[in-house]
>>> print(open('my_file.cif').read())   # mmCIF, C-alpha atoms (C1' of nucleotides)
data_coords
#
loop_
_atom_site.label_atom_id
_atom_site.label_comp_id
_atom_site.auth_asym_id
_atom_site.auth_seq_id
_atom_site.Cartn_x
_atom_site.Cartn_y
_atom_site.Cartn_z
CA MET H 451 171.86 36.77 96.85
CA ARG H 452 173.73 35.00 99.61
CA HIS H 453 177.50 35.37 99.58
CA GLU H 454 177.88 31.70 100.49
CA GLU H 455 176.28 30.50 97.27
CA ASN H 456 178.75 32.40 95.12
CA ILE H 457 181.70 30.91 96.92
CA THR H 458 180.41 27.38 96.50
CA LEU H 459 179.63 27.71 92.80
CA ALA H 460 182.97 29.38 92.08
CA PHE H 461 184.61 26.02 92.84
CA LEU H 462 182.35 24.18 90.40
CA PRO H 463 183.83 24.56 86.87
CA GLU H 464 187.30 23.06 87.26
CA PRO H 465 186.49 19.69 88.88
CA LEU H 466 183.21 19.45 86.96
CA LEU H 467 184.87 19.88 83.57
CA ALA H 468 187.65 17.44 84.45
CA TRP H 469 185.05 14.89 85.51
CA TYR H 470 183.01 15.47 82.37
CA HIS H 471 186.04 14.92 80.17
CA GLU H 472 186.40 11.42 81.63
CA ASN H 473 182.76 10.46 82.14
CA ALA H 474 180.62 12.06 79.43
CA ARG H 475 178.20 9.75 77.67
CA ASP H 476 178.67 9.40 73.93
CA LEU H 477 175.54 11.11 72.60
CA PRO H 478 175.02 11.90 68.90
CA TRP H 479 174.18 15.58 69.37
CA ARG H 480 177.46 16.08 71.23
CA LYS H 481 179.43 15.14 68.12
CA THR H 482 178.21 18.09 66.07
CA GLU H 483 178.18 21.87 66.17
CA ASP H 484 175.51 22.05 63.47
CA PRO H 485 172.84 24.34 64.94
CA TYR H 486 170.06 22.51 63.11
CA CYS H 487 170.99 19.12 64.59
CA ILE H 488 171.51 20.59 68.05
CA TRP H 489 168.21 22.43 67.83
CA VAL H 490 166.29 19.27 66.87
CA SER H 491 167.88 17.38 69.75
CA GLU H 492 167.08 20.09 72.29
CA ILE H 493 163.42 20.24 71.28
CA MET H 494 163.09 16.46 71.44
CA LEU H 495 164.81 16.38 74.84
CA GLN H 496 162.35 18.80 76.44
CA GLN H 497 160.77 16.81 79.29
CA THR H 498 161.91 13.64 77.57
CA ARG H 499 164.58 11.10 78.50
CA VAL H 500 167.71 10.60 76.41
CA ALA H 501 166.90 6.92 75.81
CA ALA H 502 163.51 7.82 74.38
CA VAL H 503 164.95 10.46 72.05
CA LEU H 504 167.84 8.55 70.42
CA GLY H 505 165.80 6.63 67.84
CA TYR H 506 163.53 9.56 66.99
CA TYR H 507 166.55 11.84 66.56
CA ALA H 508 168.23 9.53 64.02
CA ARG H 509 165.02 8.94 62.03
CA PHE H 510 164.10 12.63 62.05
CA LEU H 511 167.45 13.83 60.68
CA GLU H 512 167.38 11.05 58.10
CA ALA H 513 163.96 12.23 56.92
CA PHE H 514 164.66 15.96 57.27
CA PRO H 515 168.41 16.56 56.94
CA SER H 516 168.14 20.35 56.74
CA VAL H 517 166.07 23.32 57.83
CA GLU H 518 164.74 23.57 54.28
CA ALA H 519 163.67 19.92 54.23
CA LEU H 520 161.81 20.37 57.51
CA ALA H 521 160.25 23.65 56.40
CA SER H 522 158.73 22.03 53.31
CA ALA H 523 157.67 18.75 54.92
CA PRO H 524 154.02 17.65 54.77
CA GLU H 525 152.46 17.88 58.21
CA ASP H 526 151.25 14.26 58.24
CA ARG H 527 154.79 13.03 57.61
CA LEU H 528 156.12 15.29 60.35
CA MET H 529 153.57 14.01 62.85
CA LYS H 530 154.20 10.38 61.88
CA LEU H 531 157.88 10.89 62.70
CA TRP H 532 156.94 12.40 66.08
CA GLU H 533 154.34 9.71 66.82
CA GLY H 534 154.83 8.34 70.33
CA LEU H 535 157.29 10.98 71.47
CA GLY H 536 154.59 13.16 73.06
CA TYR H 537 154.09 16.90 73.46
CA TYR H 538 153.16 17.17 69.80
CA SER H 539 153.07 20.97 69.69
CA ARG H 540 156.85 20.70 69.82
CA ALA H 541 156.84 19.24 66.31
CA LYS H 542 154.52 21.92 64.99
CA ASN H 543 156.56 24.71 66.55
CA LEU H 544 159.70 23.09 65.16
CA GLN H 545 158.34 23.38 61.64
CA LYS H 546 157.07 26.93 62.24
CA ALA H 547 160.54 27.92 63.39
CA ALA H 548 162.15 26.09 60.44
CA ARG H 549 160.10 28.20 58.05
CA ILE H 550 161.17 31.37 59.83
CA VAL H 551 164.83 30.35 59.79
CA ALA H 552 164.62 29.35 56.11
CA GLU H 553 163.15 32.75 55.36
CA MET H 554 165.86 34.48 57.39
CA GLY H 555 168.53 32.58 55.48
CA ALA H 556 170.55 31.72 58.58
CA PHE H 557 170.12 30.35 62.06
CA PRO H 558 169.98 32.99 64.83
CA ASP H 559 173.26 32.77 66.73
CA THR H 560 172.36 34.69 69.89
CA TYR H 561 170.28 33.91 72.96
CA GLU H 562 167.80 36.66 72.10
CA GLY H 563 167.51 35.62 68.47
CA LEU H 564 166.91 31.99 69.38
CA LEU H 565 164.43 32.90 72.12
CA ALA H 566 162.24 34.61 69.52
CA LEU H 567 161.62 31.34 67.65
CA PRO H 568 158.50 29.26 68.41
CA GLY H 569 159.14 26.41 70.84
CA ILE H 570 162.37 27.90 72.13
CA GLY H 571 162.26 29.18 75.69
CA ASP H 572 164.90 30.27 78.15
CA TYR H 573 166.55 26.89 78.59
CA THR H 574 166.61 25.88 74.92
CA ALA H 575 167.86 29.27 73.74
CA SER H 576 170.78 29.07 76.15
CA ALA H 577 171.52 25.44 75.32
CA ILE H 578 171.68 26.08 71.56
CA ALA H 579 173.55 29.38 71.91
CA SER H 580 176.27 27.64 73.91
CA ALA H 581 176.46 24.24 72.19
CA ALA H 582 176.20 25.50 68.61
CA PHE H 583 177.74 28.95 68.83
CA GLY H 584 179.99 28.82 71.88
CA ARG H 585 178.15 31.64 73.63
CA ARG H 586 178.47 32.02 77.39
CA GLU H 587 174.80 31.44 78.24
CA ALA H 588 173.91 29.31 81.26
CA ALA H 589 171.23 26.73 80.42
CA VAL H 590 169.05 25.86 83.41
CA ASP H 591 167.04 22.66 83.13
CA GLY H 592 165.80 20.23 85.76
CA ASN H 593 169.24 18.63 86.09
CA VAL H 594 170.95 21.95 86.67
CA LEU H 595 168.34 23.03 89.21
CA ARG H 596 168.87 19.82 91.14
CA VAL H 597 172.67 20.12 91.08
CA VAL H 598 172.74 23.79 92.08
CA THR H 599 170.08 23.63 94.80
CA ARG H 600 171.94 20.70 96.37
CA LEU H 601 175.36 22.34 96.03
CA THR H 602 174.13 25.55 97.65
CA ASP H 603 171.60 23.93 100.01
CA CYS H 604 168.89 26.07 98.46
CA HIS H 605 165.33 25.25 99.55
CA ASP H 606 163.50 27.54 97.17
CA ASP H 607 160.76 26.00 95.05
CA ILE H 608 162.36 25.11 91.71
CA LEU H 609 159.00 25.43 89.95
CA ASP H 610 159.05 29.12 90.80
CA PRO H 611 160.45 31.08 87.83
CA ARG H 612 162.30 33.31 90.28
CA THR H 613 164.36 30.33 91.42
CA LYS H 614 165.34 29.54 87.84
CA ARG H 615 166.34 33.14 87.24
CA HIS H 616 168.39 33.15 90.42
CA VAL H 617 170.19 29.93 89.51
CA ARG H 618 170.87 31.19 86.00
CA GLU H 619 172.35 34.41 87.38
CA GLN H 620 174.63 32.52 89.72
CA LEU H 621 175.87 30.26 86.93
CA GLN H 622 176.41 33.17 84.56
CA HIS H 623 178.99 34.47 87.02
CA VAL H 624 181.02 31.25 87.15
CA MET H 625 180.58 29.81 83.63
CA PRO H 626 184.00 29.88 81.90
CA ALA H 627 184.07 31.64 78.52
CA GLU H 628 186.62 29.21 77.09
CA SER H 629 184.46 26.19 77.99
CA ALA H 630 181.06 27.57 77.10
CA ARG H 631 180.28 24.67 74.75
CA VAL H 632 180.71 21.98 77.39
CA PHE H 633 179.97 23.68 80.71
CA ASN H 634 176.21 23.37 80.30
CA GLN H 635 176.54 19.80 79.06
CA ALA H 636 178.74 18.93 82.03
CA THR H 637 176.35 20.36 84.61
CA MET H 638 173.42 18.52 83.07
CA GLU H 639 175.45 15.32 82.81
CA LEU H 640 176.26 15.46 86.50
CA GLY H 641 172.57 15.91 87.28
CA ALA H 642 171.55 13.09 84.96
CA THR H 643 174.06 10.46 86.09
CA VAL H 644 175.37 11.28 89.61
CA CYS H 645 173.27 13.96 91.26
CA ALA H 646 170.29 12.11 89.85
CA PRO H 647 166.54 12.29 90.44
CA ASN H 648 164.46 9.43 91.90
CA GLY H 649 166.46 8.44 94.89
CA PRO H 650 169.52 9.61 96.82
CA PRO H 651 172.45 11.30 95.06
CA ARG H 652 175.55 9.17 94.46
CA CYS H 653 177.86 11.52 96.33
CA GLY H 654 180.66 8.94 96.35
CA GLU H 655 181.06 9.44 92.62
CA CYS H 656 180.62 13.20 92.61
CA PRO H 657 183.58 15.39 91.64
CA VAL H 658 182.29 18.32 93.71
CA ALA H 659 181.08 16.48 96.82
CA ASP H 660 183.82 18.13 98.91
CA PHE H 661 182.15 21.53 98.87
CA CYS H 662 178.52 20.48 98.42
CA LEU H 663 176.52 22.19 101.16
CA GLY H 664 173.61 19.80 100.68
CA ARG H 665 175.86 16.81 101.33
CA VAL H 666 177.66 18.45 104.28
CA ARG H 667 174.38 19.45 105.93
CA GLY H 668 172.58 16.22 105.03
CA THR H 669 169.84 17.95 103.09
CA ALA H 670 170.79 16.78 99.59
CA GLU H 671 168.28 13.93 99.58
CA THR H 672 165.41 16.30 100.32
CA LEU H 673 166.40 18.67 97.51
CA PRO H 674 165.25 20.10 95.25
CA VAL H 675 162.06 21.46 96.82
CA LYS H 676 159.10 21.24 94.46
CA THR H 677 155.48 22.21 95.04
CA PRO H 678 153.21 19.17 94.92
CA LYS H 679 151.18 18.82 91.77
CA LYS H 680 147.44 18.72 91.50
CA ALA H 681 145.60 15.43 91.32
CA ARG H 682 144.65 14.11 87.91
CA ARG H 683 141.05 14.15 86.79
CA ILE H 684 139.49 11.07 85.27
CA GLU H 685 137.67 11.11 81.94
CA ASP H 686 135.51 8.21 80.81
CA LYS H 687 135.38 7.54 77.09
CA THR H 688 133.85 4.93 74.86
CA VAL H 689 136.00 4.05 71.85
CA PHE H 690 134.62 2.37 68.75
CA LEU H 691 136.63 0.17 66.41
CA LEU H 692 134.27 0.36 63.44
CA LEU H 693 135.02 -2.28 60.81
CA ARG H 694 133.68 -2.15 57.27
CA GLY H 695 135.10 -4.71 54.87
CA ASP H 696 138.90 -4.53 55.09
CA ARG H 697 138.84 -1.04 56.56
CA ILE H 698 138.47 0.70 59.91
CA ALA H 699 137.30 4.21 60.81
CA LEU H 700 139.71 6.94 61.92
CA ARG H 701 139.18 10.60 62.54
CA ARG H 702 141.53 13.52 63.02
CA ARG H 703 141.61 15.22 66.42
CA PRO H 704 141.08 18.99 66.60
CA ASP H 705 143.99 21.35 65.95
CA ASP H 706 143.97 22.53 69.56
CA GLY H 707 144.33 20.80 72.88
CA LEU H 708 145.38 17.30 73.84
CA LEU H 709 146.93 15.22 71.02
CA ALA H 710 146.09 18.00 68.58
CA GLY H 711 145.99 16.97 64.95
CA LEU H 712 146.69 13.30 65.59
CA TRP H 713 144.48 10.42 64.45
CA GLU H 714 142.21 8.40 66.69
CA PHE H 715 139.47 5.84 66.67
CA PRO H 716 136.08 7.53 67.00
CA SER H 717 134.87 7.92 70.56
CA VAL H 718 132.15 9.47 72.66
CA ALA H 719 132.20 10.78 76.21
CA GLY H 720 131.16 8.49 79.01
CA ALA H 721 131.50 4.81 79.80
CA LEU H 722 128.74 3.15 77.79
CA ASP H 723 127.66 -0.38 78.65
CA GLU H 724 126.44 -3.00 76.15
CA LYS H 725 122.91 -1.64 76.34
CA GLU H 726 123.89 1.99 75.73
CA ALA H 727 126.54 1.48 73.05
CA PRO H 728 124.20 0.49 70.17
CA ALA H 729 122.32 3.78 70.42
CA ALA H 730 125.59 5.73 70.28
CA VAL H 731 126.65 3.81 67.18
CA ALA H 732 123.26 4.45 65.59
CA ALA H 733 123.51 8.15 66.46
CA LEU H 734 126.74 8.29 64.44
CA GLY H 735 124.76 7.02 61.44
CA PHE H 736 125.77 3.36 61.46
CA LEU H 737 123.83 0.13 61.40
CA PRO H 738 125.65 -2.31 63.70
CA LYS H 739 125.99 -5.73 62.07
CA ALA H 740 128.11 -7.78 64.45
CA TRP H 741 129.59 -6.95 67.86
CA LYS H 742 132.98 -8.61 68.14
CA LYS H 743 134.63 -7.57 71.38
CA LYS H 744 134.64 -5.30 74.43
CA LEU H 745 137.97 -4.09 75.75
CA PHE H 746 138.82 -1.75 78.65
CA ALA H 747 141.98 0.36 78.62
CA LYS H 748 143.44 3.06 80.83
CA HIS H 749 145.88 5.73 79.75
CA ILE H 750 147.55 8.18 82.12
CA PHE H 751 148.57 11.62 80.90
CA THR H 752 150.26 14.22 83.07
CA HIS H 753 147.05 15.57 84.51
CA VAL H 754 144.25 13.63 82.85
CA GLU H 755 143.47 9.95 83.03
CA TRP H 756 141.43 8.29 80.32
CA HIS H 757 139.31 5.31 81.28
CA MET H 758 138.28 3.83 77.96
CA THR H 759 135.61 1.29 77.20
CA GLY H 760 136.14 -0.04 73.69
CA TYR H 761 133.84 -1.93 71.34
CA THR H 762 134.91 -3.67 68.16
CA LEU H 763 132.09 -4.15 65.68
CA GLU H 764 131.23 -4.49 62.03
CA VAL H 765 128.98 -1.78 60.64
CA GLU H 766 127.14 -0.60 57.55
CA GLY H 767 126.88 3.05 56.52
CA ASP H 768 129.34 5.89 55.95
CA GLY H 769 128.97 7.69 59.23
CA PRO H 770 130.04 11.32 59.72
CA PRO H 771 131.86 12.99 56.80
CA ASP H 772 135.04 13.56 58.79
CA PHE H 773 135.60 9.83 59.27
CA VAL H 774 138.23 8.24 57.03
CA TRP H 775 138.28 4.53 56.25
CA VAL H 776 141.69 2.93 56.14
CA ASN H 777 143.00 -0.56 55.51
CA ARG H 778 145.88 -1.97 57.51
CA ALA H 779 148.60 -0.37 55.37
CA ALA H 780 146.93 3.05 55.45
CA LEU H 781 146.36 2.80 59.20
CA GLU H 782 150.09 2.33 59.69
CA GLU H 783 150.76 5.58 57.79
CA HIS H 784 148.66 7.63 60.21
CA ALA H 785 150.04 9.10 63.43
CA VAL H 786 148.02 7.49 66.22
CA PRO H 787 149.13 8.40 69.77
CA SER H 788 150.17 5.78 72.32
CA ALA H 789 147.03 6.51 74.33
CA PHE H 790 145.23 4.22 71.89
CA ALA H 791 147.94 1.55 71.78
CA ARG H 792 145.70 -1.22 73.08
CA TYR H 793 143.01 -0.38 70.54
CA TYR H 794 145.56 0.04 67.77
CA ALA H 795 146.77 -3.51 68.40
CA GLU H 796 143.17 -4.71 68.50
CA ALA H 797 142.46 -2.95 65.19
CA ILE H 798 145.46 -4.61 63.54
CA ASP H 799 144.16 -7.97 64.74
CA HIS H 800 140.88 -7.41 62.95
CA LEU H 801 142.32 -6.19 59.65
CA PRO H 802 143.47 -8.58 56.90
"C1'" DT A 252 150.34 32.63 88.27
"C1'" DA A 253 148.62 28.33 87.14
"C1'" DA A 254 147.04 25.12 83.85
"C1'" DT A 255 148.03 22.60 79.80
"C1'" DC A 256 150.58 19.46 77.08
"C1'" DG A 257 152.67 12.74 76.37
"C1'" DT A 258 155.11 9.03 77.28
"C1'" DG A 259 157.57 5.44 79.52
"C1'" DG A 260 161.35 4.10 82.79
"C1'" DA A 261 162.56 3.59 87.59
"C1'" DG A 262 161.78 2.72 92.35
"C1'" DT Y 656 150.03 -1.21 90.76
"C1'" DC Y 657 151.17 3.42 91.85
"C1'" DT Y 658 153.98 7.59 92.18
"C1'" DC Y 659 157.49 10.31 90.53
"C1'" DC Y 660 159.20 12.78 86.97
"C1'" DA Y 661 162.44 13.78 82.55
"C1'" DA Y 662 167.69 18.33 78.54
"C1'" DG Y 663 160.28 23.03 79.22
"C1'" DA Y 664 157.25 26.06 76.47
"C1'" DT Y 665 153.05 28.30 75.93
"C1'" DT Y 666 148.95 30.72 77.16
#
>>> encode(input="my_file.cif", output="structure tokens")
Amino acid sequence: MRHEENITLAFLPEPLLAWYHENARDLPWRKTEDPYCIWVSEIMLQQTRVAAVLGYYARFLEAFPSVEALASAPEDRLMKLWEGLGYYSRAKNLQKAARIVAEMGAFPDTYEGLLALPGIGDYTASAIASAAFGRREAAVDGNVLRVVTRLTDCHDDILDPRTKRHVREQLQHVMPAESARVFNQATMELGATVCAPNGPPRCGECPVADFCLGRVRGTAETLPVKTPKKARRIEDKTVFLLLRGDRIALRRRPDDGLLAGLWEFPSVAGALDEKEAPAAVAALGFLPKAWKKKLFAKHIFTHVEWHMTGYTLEVEGDGPPDFVWVNRAALEEHAVPSAFARYYAEAIDHLP
DNA sequence: TAATCGTGGAG
DNA sequence: TCTCCAAGATT
């Protein structure tokens, strides 16, 4: 560890906390010390923007006000509440952990205890331990990594776990015991609003610009250093909106992998043209009656890209046993991911 | 270690 | 339209 870095970070807490006191956003999870509420917020906020979380957070706590309520919730209701928020294993791990906590009778109140719960890693364990229990545990997320690497002019790859460990160690040394609840929040707030991603830092508004090595040396805009990510692969799919009377076909995705356990319109691999599609429909056990529409849609995930060719048609026959047939009202009760948004809207258009 | 796992806002 | 990437965890 370089001596220089310690000196810089030692100056951080006082001006940072003063700035935070005047500039903190008014966020609902900052108004409570209830570990359950804080936990829910931290899981939702993983890789997800504050603006996207706010509505989900309010609806989720309304539906499941306690660990016990979450522990006993039906999975379909849980997934419907998480619909559109992404990273759906978070919701499943949340319920797994709720059942463990309910069984334990109390929320773990230490970093180690929290870390043992499903869906809680190093960052989240530290964040909850400090915000809910006042423990002196430095939480290192993307904001904190950006702030610290700029402050210390550190060019290590922030995707390397060793960099995170190093940053956490440095912060553990300077994090004030009497301000444990807000120090993490303040560092993240600075990274979210001033020392922000996507563009140059707003050093003119920064309370610690005076001793920021990245600013002094002119490297702040190039930090943090991050290894480039791999190119996305493209997957062609053909999606079928199968109409039968006032109903449409849905099927549940497998329990593992992408969009696990969510509902989708039936599809097959490959981009089928008008000549190939009828055979695929017949292979599913249907007799096509009327072809209504063809619709292309693209959806971009983090490292996969779906190119979807969609056909809307009326059919006869039951099809595979795992298909369920839903009317408009029932469709709206199922958790269908945003990847199918264009087809979802199309389905609604064709249902009475 | 490296790949996997969503979505949408911002530039 | 395209790229980046956000309060990460898991395997």
>>> closest_atom_pairs(input="my_file.cif", of="chain H", to="chain A", cutoff="12 Å", atoms="all atoms listed in the file", output="CSV")
residue,atom,partner,partner_atom,distance
H:Gln496,CA,A:DG257,C1',11.4
H:Gln497,CA,A:DG257,C1',9.5
H:Thr498,CA,A:DT258,C1',8.2
H:Arg499,CA,A:DG260,C1',8.8
H:Val500,CA,A:DG260,C1',11.1
H:Ala501,CA,A:DG260,C1',9.4
H:Ala502,CA,A:DG259,C1',8.2
H:Val503,CA,A:DT258,C1',11.2
H:Trp532,CA,A:DG257,C1',11.1
H:Glu533,CA,A:DG257,C1',10.2
H:Gly534,CA,A:DT258,C1',7.0
H:Leu535,CA,A:DT258,C1',6.5
H:Gly536,CA,A:DG257,C1',3.8
H:Tyr537,CA,A:DG257,C1',5.3
H:Tyr538,CA,A:DG257,C1',7.9
H:Ser539,CA,A:DC256,C1',7.9
H:Arg540,CA,A:DC256,C1',9.7
H:Leu609,CA,A:DA253,C1',11.1
H:Asp610,CA,A:DT252,C1',9.7
H:Pro611,CA,A:DT252,C1',10.2
H:Ala646,CA,A:DA261,C1',11.7
H:Pro647,CA,A:DA261,C1',10.0
H:Asn648,CA,A:DG262,C1',7.2
H:Gly649,CA,A:DG262,C1',7.8
H:Pro650,CA,A:DG262,C1',11.3
H:Lys679,CA,A:DA253,C1',10.9
H:Lys680,CA,A:DA254,C1',10.0
H:Arg682,CA,A:DA254,C1',12.0
H:Asp706,CA,A:DC256,C1',10.5
H:Gly707,CA,A:DC256,C1',7.6
H:Leu708,CA,A:DC256,C1',6.5
H:Leu709,CA,A:DG257,C1',8.2
H:Ala710,CA,A:DC256,C1',9.7
H:His749,CA,A:DT258,C1',10.1
H:Ile750,CA,A:DG257,C1',8.9
H:Phe751,CA,A:DG257,C1',6.2
H:Thr752,CA,A:DG257,C1',7.3
H:His753,CA,A:DT255,C1',8.5
H:Val754,CA,A:DT255,C1',10.2
H:Glu755,CA,A:DG257,C1',11.7
H:Pro787,CA,A:DG257,C1',8.7
H:Ser788,CA,A:DT258,C1',7.7
H:Ala789,CA,A:DG257,C1',8.6
H:Ala791,CA,A:DT258,C1',11.7
>>> atom_distance(input="my_file.cif", atom1="CA of Ala780 in chain H", atom2="CA of Ala795 in chain H")
14.5 Å
>>> atom_distance(input="my_file.cif", atom1="CA of Pro802 in chain H", atom2="CA of Leu700 in chain H")
16.7 Å
>>> closest_residue(input="my_file.cif", among="H:Lys614, H:Lys744, H:Arg475, H:Arg509", to="DG663 in chain Y", atoms="all atoms listed in the file")
H:Lys614
>>> atom_distance(input="my_file.cif", atom1="CA of Ser491 in chain H", atom2="CA of Glu512 in chain H")
13.3 Å
>>> closest_atom_pairs(input="my_file.cif", of="chain Y", to="chain H", cutoff="7 Å", atoms="all atoms listed in the file", output="JSON lines")
{"residue": "Y:DA661", "atom": "C1'", "partner": "H:Gln497", "partner_atom": "CA", "distance": 4.8}
{"residue": "Y:DA662", "atom": "C1'", "partner": "H:Leu495", "partner_atom": "CA", "distance": 5.1}
{"residue": "Y:DG663", "atom": "C1'", "partner": "H:Gln496", "partner_atom": "CA", "distance": 5.5}
{"residue": "Y:DA664", "atom": "C1'", "partner": "H:Gly569", "partner_atom": "CA", "distance": 5.9}
>>> write_last_selection(input="my_file.cif", atoms="C-alpha atoms (C1' of nucleotides)", output="PDB file, in the coordinates of the input")
ATOM      1  C1'  DA Y 661     162.440  13.780  82.550  1.00  0.00           C
ATOM      2  C1'  DA Y 662     167.690  18.330  78.540  1.00  0.00           C
ATOM      3  C1'  DG Y 663     160.280  23.030  79.220  1.00  0.00           C
ATOM      4  C1'  DA Y 664     157.250  26.060  76.470  1.00  0.00           C
TER       5       DA Y 664
END
>>> residues_around(input="my_file.cif", residues="range 756-758 of chain H", least_positions_apart="2", cutoff="7 Å", atoms="all atoms listed in the file", output="list in words")
Ile684, Glu685, Asp686, Lys687, Thr688, Val689, Phe746, Ala747, Lys748, His749, Ile750, Val754 and Gly760 of chain H
>>> closest_residue(input="my_file.cif", among="H:Val598, H:Ala670, H:Leu692, H:Val658", to="Val617 in chain H", atoms="only C-alpha atoms")
H:Val598
>>> residues_around(input="my_file.cif", residues="Leu745 in chain H", least_positions_apart="3", cutoff="9 Å", atoms="all atoms listed in the file", output="PDB file with C-alpha atoms, in the frame of the given file")
ATOM      1  CA  MET H 758     138.280   3.830  77.960  1.00  0.00           C
ATOM      2  CA  THR H 759     135.610   1.290  77.200  1.00  0.00           C
ATOM      3  CA  GLY H 760     136.140  -0.040  73.690  1.00  0.00           C
ATOM      4  CA  TYR H 761     133.840  -1.930  71.340  1.00  0.00           C
ATOM      5  CA  THR H 762     134.910  -3.670  68.160  1.00  0.00           C
ATOM      6  CA  ARG H 792     145.700  -1.220  73.080  1.00  0.00           C
ATOM      7  CA  TYR H 793     143.010  -0.380  70.540  1.00  0.00           C
ATOM      8  CA  GLU H 796     143.170  -4.710  68.500  1.00  0.00           C
TER       9      GLU H 796
END
